[in-house]
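What follows is a set of notes on a single structure, which appears directly below.
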Protein chains: 2
Amino acid sequence: MKTKVFITDDHYMVIEGIRSLLQNEKEIEWMGHASNAESCLAYLQTHQPDVILMDINMPGMSGIDLCKIVKEKYPQVFVVGLSTFNQQSFIHKMMDNGASGYVLKNATQQELMEAISTVAKGKTYLSDEAAFALKKIETPGMPLITRREKEVLELIAEGLTNIEIAEKLFISSATVDTHRKNLLIKFQTKNTASLVRTAMQLQLI
Amino acid sequence: MKTKVFITDDHYMVIEGIRSLLQNEKEIEWMGHASNAESCLAYLQTHQPDVILMDINMPGMSGIDLCKIVKEKYPQVFVVGLSTFNQQSFIHKMMDNGASGYVLKNATQQELMEAISTVAKGKTYLSDEAAFALKKIETPGMPLITRREKEVLELIAEGLTNIEIAEKLFISSATVDTHRKNLLIKFQTKNTASLVRTAMQLQLI
DNA sequence: CCGGCCATCCCTGAAAAATGGGATATTTAT
DNA sequence: ATAAATATCCCATTTTTCAGGGATGGCCGG
């Protein structure tokens with residue numbers, strides 16, 4: 001029984017790399033790829049892979065959100081998160097959203113195969129680095145911000161005023177103001193400048 | 001005459017992807033890879049590729065610094081920068097340090113081949129996205145800021161107000177305000193939030 | 001020596017953000 | 001089911017920023 005594998009990643013070279021790593025594996029059936037969250041969801045309406053390898057950082061909807069949706073709609077599909085070295089901070093979010101495993105993009109073929117076969121059995125696979133990062137992070141540095149707050153944060157960083165943000169998100173500027181206040185509190189910053197700086201340092205933007 | 005290609009990237013999957021993309025190309029001789037700057041330099045002591053595909057973001061020495069060293073020691077080697085979508089701000093630094101080309105990691109095989117063959121002839125190749133980003137940055141952007149302006153910029157990013165900055169630098173807050181205004185003009189940003197974001201993206205902070 | 005750049009200082013008025021309250025519906029989690 | 005979290009809205013005051021001006025002395029390179 002082959003394991004049906006699908007991949008969602010916005011980097012063509014990574015897709016190609018994984019395909020190359022898996023193409024000679026007898027236990028793997030390569031189903032194809034999507035380069036963004038929307039394509040992935042569209043694909044899932046008509047196909048059912050066993051395992052999805054999913055990049056965390058994609059333009060548009062992130063892998064973290066995509067993972068959540070996928071697990072809600074298709075709980076039988078196992079998700080393996082993929083990320084680069086300096087995005088380890090998102091590992092726990094990915095796992096919270098139902099991912100079954102996590103490998104870094106510099107994983108070897110052995111690691112990748114082990115991850116796929118492990119999660120295909122319904123178990124959890126974490127690469128050594130990922131497991132390490134999971135332990136290390138979770139410290140107080142990284143504030144837990146809500147989806148909405150993140151949207152607001154990004155628009156603030158783009159230089160929009162509260163009113164412009166309000167128009168963009170179809171909410172009142174007073175609401176934007178509240179989100180902004182909460183962001184300042186959560187990041188323990190005293191104004192917009194340090195808020196943006198801190199958020200960027202934590203790679204949240 | 002085959003083009004000898006070497007790659008330096010810390011992501012095994014990207015290496016594998018590129019290898020897969022190039023393996024059937026008759027004009028390409030795959031020399032191997034390094035996963036960090038040090039290995040790359042060690043390799044170059046005994047081998048001479050025509051083209052090095054080089055990731056920008058690597059643990060330890062960055063591709064930007066590596067590029068500089070490589071071009072100083074081996075000016076006949078052509079370097080092609082590789083990066084993801086959200087690192088476009090480093091393109092110009094890479095080009096300043098002697099890179100001959102730049103492609104994003106979601107490039108197609110055609111783009112990659114075109115890049116390699118173009119730079120192997122000593123010409124410059126920029127992917128459309130890279131060229132676009134470069135124009136955007138070089139023309140109005142990458143502001144030349146003075147020492148004092150940079151000091152002020154850093155303190156702004158730390159969240160200090162004009163008055164606090166003034167006290168710290170022993171100048172009047174009106175002066176700080178002028179520096180701030182000039183920074184906004186030079187960065188073509190409309191407020192502090194986008195100023196900080198832009199400055200961080202350009203790694204000026 | 002002079003012109004340009006830099007750093008410094010000042011003014012004003014409008015716009016926006018920060019601060020610190022309070023309040024309610026909806027979702028999510030336990 | 002109930003508590004917690006989230007998203008929403010409102011107000012009033014103070015501080016800060018934004019966007020125009022203009023002005024002075026110092027320093028460096030042509």
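The chains in the structure tokens are called A, B, ... from first to last as shown; in each chain the residues are counted from 1, and the ligands are counted from 1 in the order shown.
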Any chance you could fit chain A onto chain B with least squares, all Cα atoms in order, and share the moved copy as a PDB file with C-alpha atoms, in the first residue's frame?
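Written out: part31.pdb:
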ATOM      1  CA  MET A   1      35.279  21.946 -18.540  1.00  0.00           C
ATOM      2  CA  LYS A   2      32.760  21.732 -15.753  1.00  0.00           C
ATOM      3  CA  THR A   3      31.345  24.807 -14.106  1.00  0.00           C
ATOM      4  CA  LYS A   4      32.018  24.783 -10.390  1.00  0.00           C
ATOM      5  CA  VAL A   5      28.944  25.903  -8.507  1.00  0.00           C
ATOM      6  CA  PHE A   6      28.636  26.856  -4.854  1.00  0.00           C
ATOM      7  CA  ILE A   7      25.511  27.984  -3.045  1.00  0.00           C
ATOM      8  CA  THR A   8      24.866  30.193  -0.066  1.00  0.00           C
ATOM      9  CA  ASP A   9      21.368  30.075   1.345  1.00  0.00           C
ATOM     10  CA  ASP A  10      20.002  29.775   4.833  1.00  0.00           C
ATOM     11  CA  HIS A  11      17.180  27.462   3.785  1.00  0.00           C
ATOM     12  CA  TYR A  12      18.202  23.887   3.723  1.00  0.00           C
ATOM     13  CA  MET A  13      15.313  22.961   1.471  1.00  0.00           C
ATOM     14  CA  VAL A  14      16.341  25.409  -1.175  1.00  0.00           C
ATOM     15  CA  ILE A  15      19.893  24.079  -1.108  1.00  0.00           C
ATOM     16  CA  GLU A  16      18.550  20.579  -1.433  1.00  0.00           C
ATOM     17  CA  GLY A  17      16.267  21.648  -4.262  1.00  0.00           C
ATOM     18  CA  ILE A  18      19.034  23.228  -6.260  1.00  0.00           C
ATOM     19  CA  ARG A  19      21.343  20.312  -5.648  1.00  0.00           C
ATOM     20  CA  SER A  20      18.648  18.006  -6.885  1.00  0.00           C
ATOM     21  CA  LEU A  21      18.107  20.137  -9.959  1.00  0.00           C
ATOM     22  CA  LEU A  22      21.788  20.194 -10.785  1.00  0.00           C
ATOM     23  CA  GLN A  23      22.966  16.777  -9.770  1.00  0.00           C
ATOM     24  CA  ASN A  24      22.426  15.141 -13.125  1.00  0.00           C
ATOM     25  CA  GLU A  25      23.941  17.934 -15.107  1.00  0.00           C
ATOM     26  CA  LYS A  26      27.214  16.884 -16.639  1.00  0.00           C
ATOM     27  CA  GLU A  27      28.419  20.444 -17.014  1.00  0.00           C
ATOM     28  CA  ILE A  28      28.020  21.234 -13.345  1.00  0.00           C
ATOM     29  CA  GLU A  29      30.351  20.430 -10.514  1.00  0.00           C
ATOM     30  CA  TRP A  30      28.593  20.805  -7.208  1.00  0.00           C
ATOM     31  CA  MET A  31      31.028  22.219  -4.707  1.00  0.00           C
ATOM     32  CA  GLY A  32      28.802  22.454  -1.662  1.00  0.00           C
ATOM     33  CA  HIS A  33      26.937  25.058   0.282  1.00  0.00           C
ATOM     34  CA  ALA A  34      27.091  27.574   3.100  1.00  0.00           C
ATOM     35  CA  SER A  35      24.135  28.630   5.148  1.00  0.00           C
ATOM     36  CA  ASN A  36      25.354  32.106   5.975  1.00  0.00           C
ATOM     37  CA  ALA A  37      27.636  34.814   4.719  1.00  0.00           C
ATOM     38  CA  GLU A  38      30.450  34.061   7.112  1.00  0.00           C
ATOM     39  CA  SER A  39      30.679  30.412   6.110  1.00  0.00           C
ATOM     40  CA  CYS A  40      30.658  31.415   2.495  1.00  0.00           C
ATOM     41  CA  LEU A  41      33.590  33.773   2.959  1.00  0.00           C
ATOM     42  CA  ALA A  42      35.472  31.166   4.932  1.00  0.00           C
ATOM     43  CA  TYR A  43      34.925  28.654   2.168  1.00  0.00           C
ATOM     44  CA  LEU A  44      36.195  31.036  -0.472  1.00  0.00           C
ATOM     45  CA  GLN A  45      39.514  31.358   1.304  1.00  0.00           C
ATOM     46  CA  THR A  46      40.377  27.857   0.294  1.00  0.00           C
ATOM     47  CA  HIS A  47      38.194  27.112  -2.710  1.00  0.00           C
ATOM     48  CA  GLN A  48      37.302  28.832  -5.891  1.00  0.00           C
ATOM     49  CA  PRO A  49      33.943  28.229  -7.485  1.00  0.00           C
ATOM     50  CA  ASP A  50      33.053  29.671 -10.850  1.00  0.00           C
ATOM     51  CA  VAL A  51      29.543  30.625  -9.864  1.00  0.00           C
ATOM     52  CA  ILE A  52      27.948  31.311  -6.497  1.00  0.00           C
ATOM     53  CA  LEU A  53      24.195  31.133  -6.149  1.00  0.00           C
ATOM     54  CA  MET A  54      23.436  33.541  -3.373  1.00  0.00           C
ATOM     55  CA  ASP A  55      20.286  34.141  -1.385  1.00  0.00           C
ATOM     56  CA  ILE A  56      19.479  37.790  -0.746  1.00  0.00           C
ATOM     57  CA  ASN A  57      17.838  37.486   2.604  1.00  0.00           C
ATOM     58  CA  MET A  58      19.907  35.724   5.191  1.00  0.00           C
ATOM     59  CA  PRO A  59      20.141  36.161   8.915  1.00  0.00           C
ATOM     60  CA  GLY A  60      23.154  38.261   9.737  1.00  0.00           C
ATOM     61  CA  MET A  61      24.899  39.683   6.740  1.00  0.00           C
ATOM     62  CA  SER A  62      22.599  39.962   3.750  1.00  0.00           C
ATOM     63  CA  GLY A  63      23.361  38.564   0.341  1.00  0.00           C
ATOM     64  CA  ILE A  64      23.645  42.089  -0.945  1.00  0.00           C
ATOM     65  CA  ASP A  65      26.530  42.903   1.348  1.00  0.00           C
ATOM     66  CA  LEU A  66      28.048  39.483   0.886  1.00  0.00           C
ATOM     67  CA  CYS A  67      27.981  39.938  -2.861  1.00  0.00           C
ATOM     68  CA  LYS A  68      29.887  43.158  -2.561  1.00  0.00           C
ATOM     69  CA  ILE A  69      32.609  41.620  -0.423  1.00  0.00           C
ATOM     70  CA  VAL A  70      32.908  38.581  -2.610  1.00  0.00           C
ATOM     71  CA  LYS A  71      33.274  40.643  -5.751  1.00  0.00           C
ATOM     72  CA  GLU A  72      35.885  42.822  -4.090  1.00  0.00           C
ATOM     73  CA  LYS A  73      38.003  39.931  -2.950  1.00  0.00           C
ATOM     74  CA  TYR A  74      37.360  37.484  -5.755  1.00  0.00           C
ATOM     75  CA  PRO A  75      36.303  39.432  -8.844  1.00  0.00           C
ATOM     76  CA  GLN A  76      36.632  36.356 -11.019  1.00  0.00           C
ATOM     77  CA  VAL A  77      33.777  34.640  -9.210  1.00  0.00           C
ATOM     78  CA  PHE A  78      30.364  35.234 -10.730  1.00  0.00           C
ATOM     79  CA  VAL A  79      27.429  35.735  -8.430  1.00  0.00           C
ATOM     80  CA  VAL A  80      23.837  34.870  -9.187  1.00  0.00           C
ATOM     81  CA  GLY A  81      21.279  36.371  -6.820  1.00  0.00           C
ATOM     82  CA  LEU A  82      18.416  34.257  -5.590  1.00  0.00           C
ATOM     83  CA  SER A  83      15.257  35.600  -4.085  1.00  0.00           C
ATOM     84  CA  THR A  84      11.599  35.065  -3.586  1.00  0.00           C
ATOM     85  CA  PHE A  85       8.843  36.827  -5.394  1.00  0.00           C
ATOM     86  CA  ASN A  86       8.323  39.657  -3.006  1.00  0.00           C
ATOM     87  CA  GLN A  87      11.931  40.683  -2.667  1.00  0.00           C
ATOM     88  CA  GLN A  88      12.290  41.915  -6.180  1.00  0.00           C
ATOM     89  CA  SER A  89      13.088  45.365  -4.929  1.00  0.00           C
ATOM     90  CA  PHE A  90      16.592  44.255  -4.033  1.00  0.00           C
ATOM     91  CA  ILE A  91      17.492  43.172  -7.496  1.00  0.00           C
ATOM     92  CA  HIS A  92      19.111  46.401  -8.552  1.00  0.00           C
ATOM     93  CA  LYS A  93      21.133  46.571  -5.354  1.00  0.00           C
ATOM     94  CA  MET A  94      22.430  43.126  -6.032  1.00  0.00           C
ATOM     95  CA  MET A  95      23.363  44.042  -9.554  1.00  0.00           C
ATOM     96  CA  ASP A  96      25.002  47.242  -8.329  1.00  0.00           C
ATOM     97  CA  ASN A  97      27.136  45.174  -6.033  1.00  0.00           C
ATOM     98  CA  GLY A  98      28.500  43.144  -8.881  1.00  0.00           C
ATOM     99  CA  ALA A  99      26.114  40.255  -9.318  1.00  0.00           C
ATOM    100  CA  SER A 100      26.085  38.750 -12.796  1.00  0.00           C
ATOM    101  CA  GLY A 101      22.622  37.328 -12.679  1.00  0.00           C
ATOM    102  CA  TYR A 102      19.400  36.962 -10.850  1.00  0.00           C
ATOM    103  CA  VAL A 103      16.844  34.204 -10.670  1.00  0.00           C
ATOM    104  CA  LEU A 104      13.764  33.795  -8.562  1.00  0.00           C
ATOM    105  CA  LYS A 105      13.382  30.791  -6.345  1.00  0.00           C
ATOM    106  CA  ASN A 106      10.524  29.503  -8.408  1.00  0.00           C
ATOM    107  CA  ALA A 107      12.743  29.225 -11.455  1.00  0.00           C
ATOM    108  CA  THR A 108      12.631  26.016 -13.437  1.00  0.00           C
ATOM    109  CA  GLN A 109      15.599  23.798 -14.012  1.00  0.00           C
ATOM    110  CA  GLN A 110      15.998  25.212 -17.516  1.00  0.00           C
ATOM    111  CA  GLU A 111      16.133  28.746 -16.246  1.00  0.00           C
ATOM    112  CA  LEU A 112      18.605  27.851 -13.562  1.00  0.00           C
ATOM    113  CA  MET A 113      20.885  26.051 -16.001  1.00  0.00           C
ATOM    114  CA  GLU A 114      20.668  28.895 -18.445  1.00  0.00           C
ATOM    115  CA  ALA A 115      21.526  31.371 -15.716  1.00  0.00           C
ATOM    116  CA  ILE A 116      24.566  29.393 -14.619  1.00  0.00           C
ATOM    117  CA  SER A 117      25.950  28.804 -18.072  1.00  0.00           C
ATOM    118  CA  THR A 118      25.352  32.408 -19.097  1.00  0.00           C
ATOM    119  CA  VAL A 119      27.094  33.976 -16.152  1.00  0.00           C
ATOM    120  CA  ALA A 120      29.916  31.419 -16.295  1.00  0.00           C
ATOM    121  CA  LYS A 121      30.765  32.953 -19.664  1.00  0.00           C
ATOM    122  CA  GLY A 122      30.968  36.338 -18.023  1.00  0.00           C
ATOM    123  CA  LYS A 123      27.666  37.522 -19.368  1.00  0.00           C
ATOM    124  CA  THR A 124      24.633  38.707 -17.476  1.00  0.00           C
ATOM    125  CA  TYR A 125      21.494  36.678 -16.933  1.00  0.00           C
ATOM    126  CA  LEU A 126      18.224  38.064 -15.642  1.00  0.00           C
ATOM    127  CA  SER A 127      15.102  36.001 -15.397  1.00  0.00           C
ATOM    128  CA  ASP A 128      12.131  37.537 -17.138  1.00  0.00           C
ATOM    129  CA  GLU A 129      10.553  38.409 -13.843  1.00  0.00           C
ATOM    130  CA  ALA A 130      13.751  39.953 -12.581  1.00  0.00           C
ATOM    131  CA  ALA A 131      14.215  42.043 -15.701  1.00  0.00           C
ATOM    132  CA  PHE A 132      10.643  43.177 -15.417  1.00  0.00           C
ATOM    133  CA  ALA A 133      11.057  44.103 -11.778  1.00  0.00           C
ATOM    134  CA  LEU A 134      14.214  46.031 -12.574  1.00  0.00           C
ATOM    135  CA  LYS A 135      12.335  48.195 -14.991  1.00  0.00           C
ATOM    136  CA  LYS A 136       9.296  48.650 -12.820  1.00  0.00           C
ATOM    137  CA  ILE A 137      10.981  49.500  -9.573  1.00  0.00           C
ATOM    138  CA  GLU A 138      13.577  52.247  -9.366  1.00  0.00           C
ATOM    139  CA  THR A 139      10.582  54.523  -8.981  1.00  0.00           C
ATOM    140  CA  PRO A 140      10.695  57.088  -6.230  1.00  0.00           C
ATOM    141  CA  GLY A 141       8.991  54.886  -3.670  1.00  0.00           C
ATOM    142  CA  MET A 142      12.079  53.181  -2.382  1.00  0.00           C
ATOM    143  CA  PRO A 143      14.510  55.486  -0.639  1.00  0.00           C
ATOM    144  CA  LEU A 144      18.192  54.732  -0.947  1.00  0.00           C
ATOM    145  CA  ILE A 145      19.427  54.475   2.569  1.00  0.00           C
ATOM    146  CA  THR A 146      22.983  53.936   3.677  1.00  0.00           C
ATOM    147  CA  ARG A 147      24.286  50.928   5.547  1.00  0.00           C
ATOM    148  CA  ARG A 148      24.471  52.892   8.733  1.00  0.00           C
ATOM    149  CA  GLU A 149      21.028  54.296   8.336  1.00  0.00           C
ATOM    150  CA  LYS A 150      19.661  50.833   7.870  1.00  0.00           C
ATOM    151  CA  GLU A 151      21.317  49.666  11.073  1.00  0.00           C
ATOM    152  CA  VAL A 152      19.811  52.581  12.935  1.00  0.00           C
ATOM    153  CA  LEU A 153      16.446  51.979  11.339  1.00  0.00           C
ATOM    154  CA  GLU A 154      16.393  48.384  12.475  1.00  0.00           C
ATOM    155  CA  LEU A 155      17.271  49.304  16.024  1.00  0.00           C
ATOM    156  CA  ILE A 156      14.640  52.014  16.074  1.00  0.00           C
ATOM    157  CA  ALA A 157      12.075  49.458  14.999  1.00  0.00           C
ATOM    158  CA  GLU A 158      13.176  47.202  17.814  1.00  0.00           C
ATOM    159  CA  GLY A 159      12.226  49.929  20.195  1.00  0.00           C
ATOM    160  CA  LEU A 160      15.631  51.108  21.306  1.00  0.00           C
ATOM    161  CA  THR A 161      16.044  54.734  22.260  1.00  0.00           C
ATOM    162  CA  ASN A 162      18.649  56.926  20.646  1.00  0.00           C
ATOM    163  CA  ILE A 163      20.947  56.469  23.603  1.00  0.00           C
ATOM    164  CA  GLU A 164      20.634  52.694  23.514  1.00  0.00           C
ATOM    165  CA  ILE A 165      21.293  52.682  19.797  1.00  0.00           C
ATOM    166  CA  ALA A 166      24.302  54.906  20.322  1.00  0.00           C
ATOM    167  CA  GLU A 167      25.727  52.482  22.874  1.00  0.00           C
ATOM    168  CA  LYS A 168      25.115  49.553  20.606  1.00  0.00           C
ATOM    169  CA  LEU A 169      26.792  51.112  17.588  1.00  0.00           C
ATOM    170  CA  PHE A 170      29.528  52.864  19.547  1.00  0.00           C
ATOM    171  CA  ILE A 171      28.550  56.286  18.291  1.00  0.00           C
ATOM    172  CA  SER A 172      27.157  59.399  19.918  1.00  0.00           C
ATOM    173  CA  SER A 173      23.445  59.717  20.451  1.00  0.00           C
ATOM    174  CA  ALA A 174      23.637  62.976  18.524  1.00  0.00           C
ATOM    175  CA  THR A 175      24.781  60.992  15.523  1.00  0.00           C
ATOM    176  CA  VAL A 176      21.934  58.580  15.933  1.00  0.00           C
ATOM    177  CA  ASP A 177      19.674  61.584  16.024  1.00  0.00           C
ATOM    178  CA  THR A 178      21.039  62.800  12.727  1.00  0.00           C
ATOM    179  CA  HIS A 179      20.559  59.417  11.116  1.00  0.00           C
ATOM    180  CA  ARG A 180      17.064  59.395  12.424  1.00  0.00           C
ATOM    181  CA  LYS A 181      16.431  62.813  10.930  1.00  0.00           C
ATOM    182  CA  ASN A 182      17.786  61.732   7.588  1.00  0.00           C
ATOM    183  CA  LEU A 183      15.628  58.638   7.650  1.00  0.00           C
ATOM    184  CA  LEU A 184      12.546  60.716   8.293  1.00  0.00           C
ATOM    185  CA  ILE A 185      13.446  62.904   5.344  1.00  0.00           C
ATOM    186  CA  LYS A 186      14.274  60.040   3.012  1.00  0.00           C
ATOM    187  CA  PHE A 187      11.082  58.203   3.800  1.00  0.00           C
ATOM    188  CA  GLN A 188       9.099  61.421   3.734  1.00  0.00           C
ATOM    189  CA  THR A 189       7.573  60.546   7.062  1.00  0.00           C
ATOM    190  CA  LYS A 190       6.910  62.852   9.925  1.00  0.00           C
ATOM    191  CA  ASN A 191       7.563  60.663  12.911  1.00  0.00           C
ATOM    192  CA  THR A 192       8.866  57.337  14.097  1.00  0.00           C
ATOM    193  CA  ALA A 193       5.574  55.511  13.861  1.00  0.00           C
ATOM    194  CA  SER A 194       5.065  56.193  10.184  1.00  0.00           C
ATOM    195  CA  LEU A 195       8.752  55.652   9.531  1.00  0.00           C
ATOM    196  CA  VAL A 196       8.621  52.143  10.914  1.00  0.00           C
ATOM    197  CA  ARG A 197       5.412  51.388   9.106  1.00  0.00           C
ATOM    198  CA  THR A 198       6.699  52.622   5.770  1.00  0.00           C
ATOM    199  CA  ALA A 199       9.974  50.780   6.149  1.00  0.00           C
ATOM    200  CA  MET A 200       8.168  47.573   6.930  1.00  0.00           C
ATOM    201  CA  GLN A 201       5.845  47.974   4.000  1.00  0.00           C
ATOM    202  CA  LEU A 202       8.863  48.379   1.751  1.00  0.00           C
ATOM    203  CA  GLN A 203      10.301  45.238   3.324  1.00  0.00           C
ATOM    204  CA  LEU A 204      13.393  47.026   4.472  1.00  0.00           C
ATOM    205  CA  ILE A 205      13.066  45.629   7.961  1.00  0.00           C
TER     206      ILE A 205
END
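The chain D residues that come within 9 Å of chain A are D:DT6, D:DA7, D:DT8, D:DC9, D:DC10, with only C-alpha atoms (C1' of nucleotides) taken into account.
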Generate a file of the selected residues that holds all heavy atoms, formatted as a CSV table (one decimal), in the first residue's frame.
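selection_39.csv, freshly written:
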chain,number,residue,atom,x,y,z
D,6,DT,P,-7.3,35.1,22.4
D,6,DT,OP1,-6.4,34.3,21.6
D,6,DT,OP2,-6.8,36.1,23.4
D,6,DT,O5',-8.3,35.8,21.5
D,6,DT,C5',-9.2,34.9,20.7
D,6,DT,C4',-10.3,35.7,20.1
D,6,DT,O4',-11.3,36.1,21.1
D,6,DT,C3',-9.8,37.0,19.4
D,6,DT,O3',-10.0,36.9,18.0
D,6,DT,C2',-10.7,38.1,20.0
D,6,DT,C1',-11.8,37.3,20.6
D,6,DT,N1,-12.5,38.0,21.8
D,6,DT,C2,-13.8,38.2,21.8
D,6,DT,O2,-14.5,38.0,20.8
D,6,DT,N3,-14.3,38.8,22.9
D,6,DT,C4,-13.6,39.1,24.1
D,6,DT,O4,-14.2,39.6,25.0
D,6,DT,C5,-12.2,38.8,24.1
D,6,DT,C7,-11.4,39.1,25.2
D,6,DT,C6,-11.7,38.3,22.9
D,7,DA,P,-9.5,38.0,17.1
D,7,DA,OP1,-9.2,37.4,15.8
D,7,DA,OP2,-8.5,38.8,17.8
D,7,DA,O5',-10.8,38.9,16.9
D,7,DA,C5',-12.0,38.3,16.4
D,7,DA,C4',-13.1,39.4,16.4
D,7,DA,O4',-13.5,39.6,17.8
D,7,DA,C3',-12.7,40.7,15.8
D,7,DA,O3',-13.6,41.1,14.8
D,7,DA,C2',-12.7,41.7,17.0
D,7,DA,C1',-13.7,41.0,18.0
D,7,DA,N9,-13.5,41.3,19.4
D,7,DA,C8,-12.3,41.2,20.1
D,7,DA,N7,-12.4,41.6,21.3
D,7,DA,C5,-13.8,41.8,21.5
D,7,DA,C6,-14.6,42.2,22.6
D,7,DA,N6,-14.1,42.4,23.8
D,7,DA,N1,-15.9,42.3,22.4
D,7,DA,C2,-16.4,42.1,21.2
D,7,DA,N3,-15.8,41.8,20.0
D,7,DA,C4,-14.5,41.6,20.3
D,8,DT,P,-13.3,42.4,14.0
D,8,DT,OP1,-13.8,42.1,12.7
D,8,DT,OP2,-12.0,42.9,14.2
D,8,DT,O5',-14.3,43.5,14.7
D,8,DT,C5',-15.7,43.2,14.7
D,8,DT,C4',-16.4,44.0,15.8
D,8,DT,O4',-15.9,43.6,17.1
D,8,DT,C3',-16.2,45.5,15.8
D,8,DT,O3',-17.1,46.1,14.9
D,8,DT,C2',-16.6,45.9,17.2
D,8,DT,C1',-16.3,44.6,18.0
D,8,DT,N1,-15.3,44.8,19.1
D,8,DT,C2,-15.8,45.1,20.3
D,8,DT,O2,-16.9,45.4,20.6
D,8,DT,N3,-14.8,45.3,21.2
D,8,DT,C4,-13.4,45.1,21.1
D,8,DT,O4,-12.6,45.2,22.0
D,8,DT,C5,-13.0,44.7,19.7
D,8,DT,C7,-11.6,44.4,19.4
D,8,DT,C6,-14.0,44.5,18.8
D,9,DC,P,-16.9,47.6,14.4
D,9,DC,OP1,-18.0,47.8,13.3
D,9,DC,OP2,-15.5,47.8,14.1
D,9,DC,O5',-17.3,48.5,15.6
D,9,DC,C5',-18.7,48.5,16.1
D,9,DC,C4',-18.7,49.3,17.4
D,9,DC,O4',-17.8,48.7,18.4
D,9,DC,C3',-18.3,50.7,17.3
D,9,DC,O3',-19.4,51.6,17.4
D,9,DC,C2',-17.4,50.9,18.6
D,9,DC,C1',-17.6,49.6,19.4
D,9,DC,N1,-16.3,49.2,20.1
D,9,DC,C2,-16.3,49.4,21.5
D,9,DC,O2,-17.3,49.9,22.0
D,9,DC,N3,-15.2,49.1,22.1
D,9,DC,C4,-14.1,48.6,21.5
D,9,DC,N4,-13.0,48.3,22.2
D,9,DC,C5,-14.1,48.4,20.0
D,9,DC,C6,-15.3,48.7,19.4
D,10,DC,P,-19.2,53.1,16.9
D,10,DC,OP1,-20.6,53.5,16.5
D,10,DC,OP2,-18.1,53.2,16.0
D,10,DC,O5',-18.9,53.8,18.3
D,10,DC,C5',-19.8,53.7,19.4
D,10,DC,C4',-19.2,54.3,20.6
D,10,DC,O4',-18.1,53.4,21.1
D,10,DC,C3',-18.4,55.6,20.4
D,10,DC,O3',-19.3,56.7,20.9
D,10,DC,C2',-17.2,55.5,21.2
D,10,DC,C1',-17.3,54.2,22.0
D,10,DC,N1,-16.0,53.5,22.2
D,10,DC,C2,-15.4,53.5,23.4
D,10,DC,O2,-15.9,54.2,24.4
D,10,DC,N3,-14.2,52.9,23.6
D,10,DC,C4,-13.7,52.2,22.6
D,10,DC,N4,-12.5,51.6,22.8
D,10,DC,C5,-14.3,52.2,21.3
D,10,DC,C6,-15.4,52.8,21.1
Contacts of DG22 (chain D) at 12 Å (only C-alpha atoms (C1' of nucleotides); same-chain gap of 4+ positions) as a list in words = DC9, DC10 and DC11 of chain C
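Near chain B, the residues of chain C that fall inside 12 Å (using only C-alpha atoms (C1' of nucleotides)) are C:DC5, C:DC6, C:DA7, C:DT8, C:DC9, C:DC10, C:DC11, C:DA15, C:DA16, C:DA17, C:DA18.
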